[in-house]
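Colleague: Mind looking over this structure? Questions follow.
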Amino acid sequence: MTRALILLRRRLVGSVFVLLIVVIGSFLLLEAAPGDAVDAYIVSTGGDAGMIELLRHRWGLDQSEFTRLANYLWALMHLDLGQSVTFSRPIREIILERLPTTLILMGSATALSFGLGSALGIYAGARPGSFRDRSLSIGSLALYAVPGFWLGLVLIVVFAVDLRWLPIGGIETIASGKTGFSRAADIATHLVLPVSALGFIYLALYLRMMRAGMAEAWRQDFVLATRARGLSRRRIVLAHVARNALLPLVTMLGLQSAQMLGGSVVIESVFAVPGLGRLAQEAVAGRDTPLLLGIILVSAVLVVVINLLVDLAYAVLDPRVGAGEASA
Amino acid sequence: MSELTISRRGLLAGSALLLASTALPTIGFAQTPKKGGRLVLAADSKPRNLNPAIVASNGVFFISSKIVETLAEASFDGKDGLEPRLALSWEGAADGLSVTFKLRDGVKWHDGKPFTSADVAFSALQIWKPLQNLGRTVFKDLEAVDTPDELTAVFKFAKPTPFQLIRNALPALSSVVPKHIYENGKIEDNPANNAPVGTGPFKFAEYKAGQYYRLTRNDAYWGKDEPYLDEIVYQVLPDRTSAAAALEAEEIQLAAFSAVPLADLDRISKVPGLKVITKGYEGLTYQLVVEINHRRKELADLKVRQAIAHAIDKDFVVKTIFLGYAATATGPVPKNDPQFYTADVPTYPFDVAKANALLDEAGYKRADDGKRFALKLLPAPYFNETKQFGDYLRQALAAIGIDAEIVNNDSAAHIKAVYTDHAFDLAVGPPVFRGDPAISTTILVQSGIPDGVPFSNQGGYKNAELDALIVKASETLDTAARTELYKEFQKKIAADLPLINVAEWSFISVARDTVGNIANNPRWAVSNWADTYLAG
Amino acid sequence: MNRLRRFLRTPEAIAGALILALLAAMALAAPMLFPGDPQAIAGPALLPPFQDWRLPLGTDRLGRDVLAELFHGARTSLAVGLAAAAAALLIGAVVGTLAGFAGGLIDEVLMRITDAFQTVPSFLLALALVSIVGPSLGAVVAAIALSAWTGPARVARAEVLSIRERDYVAGARVIGMHPLEIAFREVLPNALPPELALSSVIVAAAILTEAALSFLGLGDPNRVTWGGMIAEGRTVLRTAPFLSIVPGVALVLTVLGVYLAGEGVVESTAVRRSLS
């Protein structure tokens, strides 16, 4: 346990630096963007020079970059994410409103790709080199190669327009007044298509990793030993081969958690899901620097926490992992 | 075959106003209006400020015009193209120094307080003049608003202001908001900017960020038996391709502002239960314009500009890019404008040989690789059509030896590049014609506008004669004389080409058959929808 | 020779190699078969495939030849993918080797920076970067490379850590080579094979990222790319599905080819290491 604690402390200190780099880096990046929040705003309104000056002043954009960065970091130390210029609301409020949606979407998509991917990976890896192994690998790769937005649109056309089994988008029926279980069921039906579109893309990743790990495990001594002991093939596959191949997949989960948010930008846009990914895109388009910083920061914290949990799980499960070299 | 039908429809859309007024009675399918029901429609924009008195733009009006009303609304058959809303009548003094509005009696704000002339005075002086994007220009000389009684408001101007301009500005610029809600605190920070309170047929109910806006019926509305609908829900659909799917899946009943891509209209018009409507946007004409940076020495040469004008096949643009849902343009006033348009201007028929000859004459011979010179082309990213026209223009310019490189920016970067940094040679812009050239059209060519003003002359064009004409028109009180000056304005622009007007287009609505009283005024999508109903 | 034979051992590797060879041929032949600008207007708009022998795959919204676009798109799409992968590998290998070889504070700082890049969703980074520098192929390549170099960096560092204590490195140290020289002349080349295994993922991701950026309106309009074609074709998905299906199939085949060939390389070099 002490090893886990040392690891935890080390990682936490490291994480603070990581987050600081992320914030300052993102801030500078956005500052380099041509056009600011006012430029993005006047696209839809127009206005004369006086009005533009007025807006820049009101939104604090007439201050120097350094002053704004310092102000931002100062506020951040007090856990204040600031005010969004596009929504004229506190950023913490906006993000908290969107976060559950994104967590549900990403969580379900991860569960789908991880669950189905590793199951199919086991199925394929049980007989490496067989026809089903090859066809599953290639099939999942083909799915990976389809752009997410296109897959989403095709799913909409087939399941929402032609078959009318599922709603075309949104997160729940508008102002339906549903509560409790029926609301949960409503949200679930709305999520089927976006979760599938997002999950299928990453399916290949887990499938191929699982089957590669299994192919590797088959060659290892302890598996050969169990074979020699005359255990049934099914038991060997599940209890020994697959179990060993599963560990690196858990690491992958941690690494992928950051990428899912990126993938959800496009999927949330296609399916009109009000999540963080779309919010991030709106923030970039609207040059809403504090909002985008807030989103990046929250997602970074999320990723750090997930990876920390993964590492801790490793440290506890696998005593060979030292406190020093635990990074994946 | 299909091309024929498309261009026929294009003609219809093009000569909009006249045809629309005669075709009007058939639009509602002669059903009797029915009470009740929820209308769900697609929305793609999420305006950050819903106060139409501050932000006079179509994105804001689309939602807030049902809540906050203007003094008058555009009309197909009313006098001067107007019909009364909060004002019953309006009259300009002969000296151009005052306009008197008689207001509607018995109108109540959504919170139950009575609507009076004090609200109009407050809105005009405290909001339209100092804060509104368009009002800052039109009402710049507004000095005072007298309120002799609760139902009379007299606008006083410091300098003579043409009554025609004020009249034409009423539908878009005169949203009245309640004084008692806005008088305390900073107007820009007022919570009512996000949850507006008005006198309109619908009340603001709720907004779920990224999901929907919901409006509910105002039972105390002044219109007899109106409104018909119980609820209007704007469902936010960020991707343009999903509106058509939502209509077909019967999840929404209406998609306005061309939320359904033009290329999908032909197919969707054949879907049973859906109708494609090209009317109801006559007062919201967008213009496809090539903006020119006259600081480039080649482009400062009139012959080069003429050559570019000759190189553009306007019919191709209308037929292929707009699929017929547009009209070719001749100048800065659209053909469907009933007051100012003149066809008597120099024109530039599609003629590549002539364009090449003009360029040779101007001294820009083709080099060995066939190119004369290179330039940067910035198509505005706000519409699919402006981007596609950018792609087309690049090809059209290649045909006359001009090597255009497209610079594709997002909206914020485009605005900065074109209107502040002037980092463009040619740009493709979609300015809006708002019923009077003085509202937002003359600034496209006028000189002396500070850097950074969007949708204005930032191309460094300077023409003293044209500037004088613009000033003169802004001071001319007599309607006929003023109109004549703007015809002169169109001729001068077509002759000297400070910019090139290519086409003008309006939007398309797609709705289920059950939606009634659609498109019954020239600004229908941004009007109050008091008489819109759902049958069946 | 031996290596090539080993590479062509599996049918997947053969298929992958064939697909890539075909793509390379398409890319090279494009200017010969379709001289001139592939974006030139060649016929009536939205002509379906197999209607006109001069335009076998039909035309797009503006009447451009889809087949010509497909061939020229192979050039740009492959160029984007390869350039992004090369850049990511280069950055990653340099950073990883430096970190692994230097150790101590430099290692710590470099790895925290790597962490930071890995914590930010790569697509968001690409989106922000392309919005900032403006959509051009160069910007897209840079954006993808910037978000993809962390994997190679970690692999390189792990490799360096595992081989820096080996004999030949120790030997180099004894004969007085500068540590940097040792890092880049002795250690790096040995760390390369597992890096190459990562490259296939990056090439595929690059092509897909470019498509997603085009979907959000941030493609380079001066060049034809498959991603851009699919993004543009999506608005007419119902009316003219071939416009997005044709480049879509090409994209799927390419990604498959890159992947399969990549697997073949990994197997043939017989360095079985876990990718992470």
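Every chain in the structure tokens takes a letter, A first, then B, and so on in the order presented; its residues are numbered from 1, and the ligands are numbered from 1 following the presented order.
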Write out as a PDB file with N, CA and C atoms, in the first residue's frame the set of residues from segment 154-247 of chain A that DSSP, computed on the backbone, places in helix (DSSP H, G or I).
Modeller:
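As written to disk, out.pdb reads:
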```pdb
ATOM      1  N   VAL A 154     -25.202   8.036 -41.886  1.00  0.00           N
ATOM      2  CA  VAL A 154     -25.807   6.833 -42.454  1.00  0.00           C
ATOM      3  C   VAL A 154     -26.702   6.153 -41.409  1.00  0.00           C
ATOM      4  N   LEU A 155     -26.243   6.091 -40.177  1.00  0.00           N
ATOM      5  CA  LEU A 155     -27.068   5.509 -39.111  1.00  0.00           C
ATOM      6  C   LEU A 155     -28.383   6.285 -38.974  1.00  0.00           C
ATOM      7  N   ILE A 156     -28.308   7.611 -39.066  1.00  0.00           N
ATOM      8  CA  ILE A 156     -29.518   8.431 -38.962  1.00  0.00           C
ATOM      9  C   ILE A 156     -30.487   8.096 -40.090  1.00  0.00           C
ATOM     10  N   VAL A 157     -29.945   8.063 -41.309  1.00  0.00           N
ATOM     11  CA  VAL A 157     -30.817   7.805 -42.461  1.00  0.00           C
ATOM     12  C   VAL A 157     -31.498   6.437 -42.314  1.00  0.00           C
ATOM     13  N   VAL A 158     -30.727   5.441 -41.912  1.00  0.00           N
ATOM     14  CA  VAL A 158     -31.295   4.090 -41.852  1.00  0.00           C
ATOM     15  C   VAL A 158     -32.236   3.923 -40.658  1.00  0.00           C
ATOM     16  N   PHE A 159     -31.758   4.241 -39.457  1.00  0.00           N
ATOM     17  CA  PHE A 159     -32.529   3.875 -38.269  1.00  0.00           C
ATOM     18  C   PHE A 159     -33.518   4.939 -37.808  1.00  0.00           C
ATOM     19  N   ALA A 160     -33.286   6.200 -38.181  1.00  0.00           N
ATOM     20  CA  ALA A 160     -34.203   7.235 -37.712  1.00  0.00           C
ATOM     21  C   ALA A 160     -35.180   7.677 -38.792  1.00  0.00           C
ATOM     22  N   VAL A 161     -34.697   7.738 -40.051  1.00  0.00           N
ATOM     23  CA  VAL A 161     -35.578   8.236 -41.100  1.00  0.00           C
ATOM     24  C   VAL A 161     -36.333   7.088 -41.776  1.00  0.00           C
ATOM     25  N   ASP A 162     -35.593   6.083 -42.227  1.00  0.00           N
ATOM     26  CA  ASP A 162     -36.252   5.005 -42.966  1.00  0.00           C
ATOM     27  C   ASP A 162     -37.017   4.048 -42.054  1.00  0.00           C
ATOM     28  N   GLY A 180     -37.805  10.377 -13.755  1.00  0.00           N
ATOM     29  CA  GLY A 180     -37.449   9.058 -13.252  1.00  0.00           C
ATOM     30  C   GLY A 180     -37.118   8.065 -14.336  1.00  0.00           C
ATOM     31  N   PHE A 181     -37.707   6.896 -14.232  1.00  0.00           N
ATOM     32  CA  PHE A 181     -37.336   5.806 -15.109  1.00  0.00           C
ATOM     33  C   PHE A 181     -37.673   6.104 -16.565  1.00  0.00           C
ATOM     34  N   SER A 182     -38.851   6.678 -16.801  1.00  0.00           N
ATOM     35  CA  SER A 182     -39.239   6.904 -18.195  1.00  0.00           C
ATOM     36  C   SER A 182     -38.305   7.918 -18.836  1.00  0.00           C
ATOM     37  N   ARG A 183     -37.783   8.875 -18.043  1.00  0.00           N
ATOM     38  CA  ARG A 183     -36.837   9.836 -18.583  1.00  0.00           C
ATOM     39  C   ARG A 183     -35.523   9.133 -18.911  1.00  0.00           C
ATOM     40  N   ALA A 184     -35.086   8.266 -18.022  1.00  0.00           N
ATOM     41  CA  ALA A 184     -33.850   7.520 -18.263  1.00  0.00           C
ATOM     42  C   ALA A 184     -33.979   6.690 -19.535  1.00  0.00           C
ATOM     43  N   ALA A 185     -35.145   6.059 -19.699  1.00  0.00           N
ATOM     44  CA  ALA A 185     -35.366   5.251 -20.903  1.00  0.00           C
ATOM     45  C   ALA A 185     -35.351   6.148 -22.135  1.00  0.00           C
ATOM     46  N   ASP A 186     -35.923   7.336 -22.006  1.00  0.00           N
ATOM     47  CA  ASP A 186     -35.968   8.284 -23.114  1.00  0.00           C
ATOM     48  C   ASP A 186     -34.552   8.686 -23.520  1.00  0.00           C
ATOM     49  N   ILE A 187     -33.738   9.013 -22.512  1.00  0.00           N
ATOM     50  CA  ILE A 187     -32.352   9.389 -22.794  1.00  0.00           C
ATOM     51  C   ILE A 187     -31.610   8.215 -23.439  1.00  0.00           C
ATOM     52  N   ALA A 188     -31.864   7.014 -22.928  1.00  0.00           N
ATOM     53  CA  ALA A 188     -31.187   5.833 -23.472  1.00  0.00           C
ATOM     54  C   ALA A 188     -31.507   5.657 -24.949  1.00  0.00           C
ATOM     55  N   THR A 189     -32.765   5.800 -25.341  1.00  0.00           N
ATOM     56  CA  THR A 189     -33.101   5.636 -26.770  1.00  0.00           C
ATOM     57  C   THR A 189     -32.411   6.701 -27.606  1.00  0.00           C
ATOM     58  N   HIS A 190     -32.318   7.918 -27.055  1.00  0.00           N
ATOM     59  CA  HIS A 190     -31.647   8.978 -27.810  1.00  0.00           C
ATOM     60  C   HIS A 190     -30.154   8.710 -27.964  1.00  0.00           C
ATOM     61  N   LEU A 191     -29.609   7.948 -27.026  1.00  0.00           N
ATOM     62  CA  LEU A 191     -28.157   7.738 -27.050  1.00  0.00           C
ATOM     63  C   LEU A 191     -27.719   6.562 -27.918  1.00  0.00           C
ATOM     64  N   VAL A 192     -28.664   5.702 -28.297  1.00  0.00           N
ATOM     65  CA  VAL A 192     -28.268   4.485 -29.016  1.00  0.00           C
ATOM     66  C   VAL A 192     -27.417   4.808 -30.246  1.00  0.00           C
ATOM     67  N   LEU A 193     -27.909   5.723 -31.093  1.00  0.00           N
ATOM     68  CA  LEU A 193     -27.178   6.009 -32.331  1.00  0.00           C
ATOM     69  C   LEU A 193     -25.836   6.707 -32.093  1.00  0.00           C
ATOM     70  N   PRO A 194     -25.812   7.809 -31.330  1.00  0.00           N
ATOM     71  CA  PRO A 194     -24.494   8.433 -31.127  1.00  0.00           C
ATOM     72  C   PRO A 194     -23.493   7.509 -30.434  1.00  0.00           C
ATOM     73  N   VAL A 195     -23.948   6.735 -29.478  1.00  0.00           N
ATOM     74  CA  VAL A 195     -23.023   5.829 -28.794  1.00  0.00           C
ATOM     75  C   VAL A 195     -22.490   4.782 -29.778  1.00  0.00           C
ATOM     76  N   SER A 196     -23.369   4.271 -30.633  1.00  0.00           N
ATOM     77  CA  SER A 196     -22.911   3.289 -31.617  1.00  0.00           C
ATOM     78  C   SER A 196     -21.887   3.918 -32.551  1.00  0.00           C
ATOM     79  N   ALA A 197     -22.210   5.126 -33.054  1.00  0.00           N
ATOM     80  CA  ALA A 197     -21.299   5.761 -34.007  1.00  0.00           C
ATOM     81  C   ALA A 197     -19.933   5.985 -33.377  1.00  0.00           C
ATOM     82  N   LEU A 198     -19.934   6.462 -32.148  1.00  0.00           N
ATOM     83  CA  LEU A 198     -18.669   6.744 -31.476  1.00  0.00           C
ATOM     84  C   LEU A 198     -17.958   5.459 -31.060  1.00  0.00           C
ATOM     85  N   GLY A 199     -18.743   4.493 -30.559  1.00  0.00           N
ATOM     86  CA  GLY A 199     -18.154   3.262 -30.048  1.00  0.00           C
ATOM     87  C   GLY A 199     -17.591   2.379 -31.141  1.00  0.00           C
ATOM     88  N   PHE A 200     -18.275   2.310 -32.273  1.00  0.00           N
ATOM     89  CA  PHE A 200     -17.821   1.421 -33.346  1.00  0.00           C
ATOM     90  C   PHE A 200     -16.471   1.849 -33.897  1.00  0.00           C
ATOM     91  N   ILE A 201     -16.219   3.174 -33.858  1.00  0.00           N
ATOM     92  CA  ILE A 201     -14.958   3.657 -34.396  1.00  0.00           C
ATOM     93  C   ILE A 201     -13.792   3.078 -33.601  1.00  0.00           C
ATOM     94  N   TYR A 202     -13.965   3.041 -32.264  1.00  0.00           N
ATOM     95  CA  TYR A 202     -12.845   2.622 -31.423  1.00  0.00           C
ATOM     96  C   TYR A 202     -12.843   1.116 -31.165  1.00  0.00           C
ATOM     97  N   LEU A 203     -13.853   0.453 -31.709  1.00  0.00           N
ATOM     98  CA  LEU A 203     -13.955  -0.986 -31.527  1.00  0.00           C
ATOM     99  C   LEU A 203     -12.683  -1.695 -31.998  1.00  0.00           C
ATOM    100  N   ALA A 204     -12.217  -1.291 -33.173  1.00  0.00           N
ATOM    101  CA  ALA A 204     -11.070  -1.955 -33.784  1.00  0.00           C
ATOM    102  C   ALA A 204      -9.853  -1.923 -32.873  1.00  0.00           C
ATOM    103  N   LEU A 205      -9.719  -0.779 -32.197  1.00  0.00           N
ATOM    104  CA  LEU A 205      -8.569  -0.596 -31.323  1.00  0.00           C
ATOM    105  C   LEU A 205      -8.475  -1.708 -30.289  1.00  0.00           C
ATOM    106  N   TYR A 206      -9.578  -1.926 -29.579  1.00  0.00           N
ATOM    107  CA  TYR A 206      -9.567  -2.911 -28.501  1.00  0.00           C
ATOM    108  C   TYR A 206      -9.541  -4.336 -29.066  1.00  0.00           C
ATOM    109  N   LEU A 207     -10.299  -4.509 -30.142  1.00  0.00           N
ATOM    110  CA  LEU A 207     -10.331  -5.841 -30.739  1.00  0.00           C
ATOM    111  C   LEU A 207      -8.931  -6.292 -31.144  1.00  0.00           C
ATOM    112  N   ARG A 208      -8.240  -5.398 -31.845  1.00  0.00           N
ATOM    113  CA  ARG A 208      -6.929  -5.796 -32.355  1.00  0.00           C
ATOM    114  C   ARG A 208      -5.902  -5.934 -31.244  1.00  0.00           C
ATOM    115  N   MET A 209      -6.033  -5.080 -30.252  1.00  0.00           N
ATOM    116  CA  MET A 209      -5.085  -5.159 -29.150  1.00  0.00           C
ATOM    117  C   MET A 209      -5.290  -6.456 -28.364  1.00  0.00           C
ATOM    118  N   MET A 210      -6.557  -6.770 -28.157  1.00  0.00           N
ATOM    119  CA  MET A 210      -6.884  -7.989 -27.417  1.00  0.00           C
ATOM    120  C   MET A 210      -6.367  -9.215 -28.159  1.00  0.00           C
ATOM    121  N   ARG A 211      -6.628  -9.216 -29.457  1.00  0.00           N
ATOM    122  CA  ARG A 211      -6.233 -10.417 -30.184  1.00  0.00           C
ATOM    123  C   ARG A 211      -4.719 -10.504 -30.325  1.00  0.00           C
ATOM    124  N   ALA A 212      -4.046  -9.361 -30.436  1.00  0.00           N
ATOM    125  CA  ALA A 212      -2.587  -9.375 -30.480  1.00  0.00           C
ATOM    126  C   ALA A 212      -2.032  -9.902 -29.165  1.00  0.00           C
ATOM    127  N   GLY A 213      -2.637  -9.426 -28.064  1.00  0.00           N
ATOM    128  CA  GLY A 213      -2.191  -9.872 -26.746  1.00  0.00           C
ATOM    129  C   GLY A 213      -2.404 -11.363 -26.573  1.00  0.00           C
ATOM    130  N   MET A 214      -3.523 -11.836 -27.107  1.00  0.00           N
ATOM    131  CA  MET A 214      -3.819 -13.263 -26.973  1.00  0.00           C
ATOM    132  C   MET A 214      -2.862 -14.104 -27.799  1.00  0.00           C
ATOM    133  N   ALA A 215      -2.592 -13.616 -29.012  1.00  0.00           N
ATOM    134  CA  ALA A 215      -1.664 -14.346 -29.864  1.00  0.00           C
ATOM    135  C   ALA A 215      -0.321 -14.484 -29.149  1.00  0.00           C
ATOM    136  N   GLU A 216       0.044 -13.402 -28.465  1.00  0.00           N
ATOM    137  CA  GLU A 216       1.296 -13.388 -27.713  1.00  0.00           C
ATOM    138  C   GLU A 216       1.240 -14.391 -26.553  1.00  0.00           C
ATOM    139  N   ALA A 217       0.107 -14.340 -25.833  1.00  0.00           N
ATOM    140  CA  ALA A 217      -0.021 -15.167 -24.630  1.00  0.00           C
ATOM    141  C   ALA A 217       0.019 -16.659 -24.952  1.00  0.00           C
ATOM    142  N   TRP A 218      -0.521 -17.000 -26.121  1.00  0.00           N
ATOM    143  CA  TRP A 218      -0.520 -18.421 -26.506  1.00  0.00           C
ATOM    144  C   TRP A 218       0.877 -19.004 -26.513  1.00  0.00           C
ATOM    145  N   ASP A 221       5.014 -19.515 -21.700  1.00  0.00           N
ATOM    146  CA  ASP A 221       5.243 -20.795 -21.016  1.00  0.00           C
ATOM    147  C   ASP A 221       4.057 -21.271 -20.199  1.00  0.00           C
ATOM    148  N   PHE A 222       3.490 -20.322 -19.415  1.00  0.00           N
ATOM    149  CA  PHE A 222       2.466 -20.818 -18.496  1.00  0.00           C
ATOM    150  C   PHE A 222       1.244 -21.349 -19.240  1.00  0.00           C
ATOM    151  N   VAL A 223       0.995 -20.777 -20.434  1.00  0.00           N
ATOM    152  CA  VAL A 223      -0.133 -21.303 -21.207  1.00  0.00           C
ATOM    153  C   VAL A 223       0.186 -22.712 -21.713  1.00  0.00           C
ATOM    154  N   LEU A 224       1.456 -22.830 -22.178  1.00  0.00           N
ATOM    155  CA  LEU A 224       1.859 -24.152 -22.630  1.00  0.00           C
ATOM    156  C   LEU A 224       1.711 -25.156 -21.496  1.00  0.00           C
ATOM    157  N   ALA A 225       2.066 -24.682 -20.287  1.00  0.00           N
ATOM    158  CA  ALA A 225       1.980 -25.565 -19.130  1.00  0.00           C
ATOM    159  C   ALA A 225       0.543 -25.991 -18.868  1.00  0.00           C
ATOM    160  N   THR A 226      -0.388 -25.004 -18.925  1.00  0.00           N
ATOM    161  CA  THR A 226      -1.786 -25.366 -18.666  1.00  0.00           C
ATOM    162  C   THR A 226      -2.294 -26.322 -19.728  1.00  0.00           C
ATOM    163  N   ARG A 227      -1.786 -26.112 -20.954  1.00  0.00           N
ATOM    164  CA  ARG A 227      -2.214 -27.033 -22.020  1.00  0.00           C
ATOM    165  C   ARG A 227      -1.751 -28.445 -21.691  1.00  0.00           C
ATOM    166  N   ALA A 228      -0.501 -28.461 -21.201  1.00  0.00           N
ATOM    167  CA  ALA A 228       0.053 -29.768 -20.870  1.00  0.00           C
ATOM    168  C   ALA A 228      -0.759 -30.429 -19.768  1.00  0.00           C
ATOM    169  N   ARG A 233      -9.885 -26.278 -23.745  1.00  0.00           N
ATOM    170  CA  ARG A 233      -9.440 -25.113 -24.502  1.00  0.00           C
ATOM    171  C   ARG A 233     -10.199 -23.861 -24.062  1.00  0.00           C
ATOM    172  N   ARG A 234     -11.497 -24.001 -23.870  1.00  0.00           N
ATOM    173  CA  ARG A 234     -12.323 -22.884 -23.478  1.00  0.00           C
ATOM    174  C   ARG A 234     -11.808 -22.275 -22.167  1.00  0.00           C
ATOM    175  N   ARG A 235     -11.448 -23.169 -21.238  1.00  0.00           N
ATOM    176  CA  ARG A 235     -10.966 -22.685 -19.959  1.00  0.00           C
ATOM    177  C   ARG A 235      -9.628 -21.986 -20.081  1.00  0.00           C
ATOM    178  N   ILE A 236      -8.799 -22.544 -20.905  1.00  0.00           N
ATOM    179  CA  ILE A 236      -7.483 -21.911 -21.105  1.00  0.00           C
ATOM    180  C   ILE A 236      -7.676 -20.515 -21.684  1.00  0.00           C
ATOM    181  N   VAL A 237      -8.539 -20.449 -22.694  1.00  0.00           N
ATOM    182  CA  VAL A 237      -8.751 -19.158 -23.356  1.00  0.00           C
ATOM    183  C   VAL A 237      -9.207 -18.118 -22.353  1.00  0.00           C
ATOM    184  N   LEU A 238     -10.260 -18.423 -21.617  1.00  0.00           N
ATOM    185  CA  LEU A 238     -10.852 -17.413 -20.742  1.00  0.00           C
ATOM    186  C   LEU A 238     -10.017 -17.159 -19.499  1.00  0.00           C
ATOM    187  N   ALA A 239      -9.592 -18.212 -18.835  1.00  0.00           N
ATOM    188  CA  ALA A 239      -8.965 -18.050 -17.530  1.00  0.00           C
ATOM    189  C   ALA A 239      -7.515 -17.616 -17.628  1.00  0.00           C
ATOM    190  N   HIS A 240      -6.834 -18.005 -18.679  1.00  0.00           N
ATOM    191  CA  HIS A 240      -5.403 -17.714 -18.710  1.00  0.00           C
ATOM    192  C   HIS A 240      -5.007 -16.747 -19.817  1.00  0.00           C
ATOM    193  N   VAL A 241      -5.359 -17.094 -21.038  1.00  0.00           N
ATOM    194  CA  VAL A 241      -4.890 -16.295 -22.163  1.00  0.00           C
ATOM    195  C   VAL A 241      -5.517 -14.911 -22.151  1.00  0.00           C
ATOM    196  N   ALA A 242      -6.867 -14.881 -22.117  1.00  0.00           N
ATOM    197  CA  ALA A 242      -7.564 -13.608 -22.194  1.00  0.00           C
ATOM    198  C   ALA A 242      -7.239 -12.734 -20.996  1.00  0.00           C
ATOM    199  N   ARG A 243      -7.151 -13.359 -19.815  1.00  0.00           N
ATOM    200  CA  ARG A 243      -6.905 -12.584 -18.615  1.00  0.00           C
ATOM    201  C   ARG A 243      -5.575 -11.845 -18.704  1.00  0.00           C
ATOM    202  N   ASN A 244      -4.579 -12.524 -19.252  1.00  0.00           N
ATOM    203  CA  ASN A 244      -3.285 -11.888 -19.405  1.00  0.00           C
ATOM    204  C   ASN A 244      -3.295 -10.791 -20.451  1.00  0.00           C
ATOM    205  N   ALA A 245      -4.091 -11.011 -21.483  1.00  0.00           N
ATOM    206  CA  ALA A 245      -4.111 -10.033 -22.570  1.00  0.00           C
ATOM    207  C   ALA A 245      -4.908  -8.789 -22.191  1.00  0.00           C
ATOM    208  N   LEU A 246      -5.688  -8.900 -21.127  1.00  0.00           N
ATOM    209  CA  LEU A 246      -6.587  -7.805 -20.768  1.00  0.00           C
ATOM    210  C   LEU A 246      -5.858  -6.616 -20.154  1.00  0.00           C
ATOM    211  N   LEU A 247      -4.732  -6.901 -19.460  1.00  0.00           N
ATOM    212  CA  LEU A 247      -4.052  -5.825 -18.728  1.00  0.00           C
ATOM    213  C   LEU A 247      -3.674  -4.613 -19.590  1.00  0.00           C
TER     214      LEU A 247
END
```
Colleague: Select, as a ChimeraX atom specification, those residues of chain A with any atom no more than 7 Å from chain C (distances computed using only C-alpha atoms).
Modeller: /A:14,18-19,21-22,32-34,141-142,145-147,258-259,261-263,284,296,300,303,328
Colleague: What's the separation between atom CA of Val502 of chain B and atom CA of Val471 of chain B, in Å to one decimal place?
Modeller: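 Computed distance, atom CA of Val502 of chain B to atom CA of Val471 of chain B, equals 25.8 Å.
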Colleague: Go through A:Thr173, A:Ser269, A:Ser299, A:Thr102 one by one, measure the shortest atom-to-atom distance of each to chain B using only C-alpha atoms, and give the residue with the smallest value.
Modeller: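 Selected residue with least distance to chain B: A:Ser269.
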Colleague: Excluding same-chain residues fewer than 2 positions from segment 20-25 of chain C, what lies within 12 Å of it counting only C-alpha atoms, as a PyMOL selection string?
Modeller: chain C and resi 13-18+27-33+70-79+82+200+250-251+253-262
Colleague: Write out as a ChimeraX atom specification which residues come within 6 Å of segment 514-516 of chain B when counting only C-alpha atoms, dropping same-chain ones fewer than 3 positions away.
Modeller: /B:28,532-535
Colleague: Export, as a PDB file, in the first residue's frame, the selected residues with C-alpha atoms.
Modeller:
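The resulting file, selection-v4.pdb, is reproduced below:
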```pdb
ATOM      1  CA  GLY B  28     -52.402  28.572 -46.539  1.00  0.00           C
ATOM      2  CA  THR B 532     -49.621  30.581 -37.769  1.00  0.00           C
ATOM      3  CA  TYR B 533     -51.492  27.400 -36.952  1.00  0.00           C
ATOM      4  CA  LEU B 534     -51.322  23.636 -37.058  1.00  0.00           C
ATOM      5  CA  ALA B 535     -54.128  21.800 -38.804  1.00  0.00           C
TER       6      ALA B 535
END
```
Colleague: What does the distance from atom CA of Thr483 of chain B to atom CA of Ala495 of chain B come to in Å, to one decimal?
Modeller: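 Pair atom CA of Thr483 of chain B / atom CA of Ala495 of chain B returns 18.7 Å.
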Colleague: So which residues touch Asp225 of chain B within 12 Å, counting only C-alpha atoms, skipping near sequence neighbours fewer than 4 positions away, as a ChimeraX atom specification?
Modeller: /B:33-36,201,217-221,229,530-533
Colleague: What lies within 8 Å of Pro38 of chain C using only C-alpha atoms, ignoring chain neighbours under 3 positions off, as a list in words?
Modeller: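 Within the cut-off, the hits are Phe34, Pro35, Arg64, Asp65, Ala68, Glu69, His72 and Val224 of chain C.
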Colleague: Residues of chain C within 8 Å of chain B, counting only C-alpha atoms, what are they? List them as a list in words.
Modeller: Gln39, Ala40, Ile41, Ala45, Arg61, Leu62, Ser131, Ile132, Gly134, Pro135, Gly217, Leu218, Gly219, Asp220, Pro221, Asn222, Arg234, Thr235, Val236, Arg238 and Thr239 of chain C
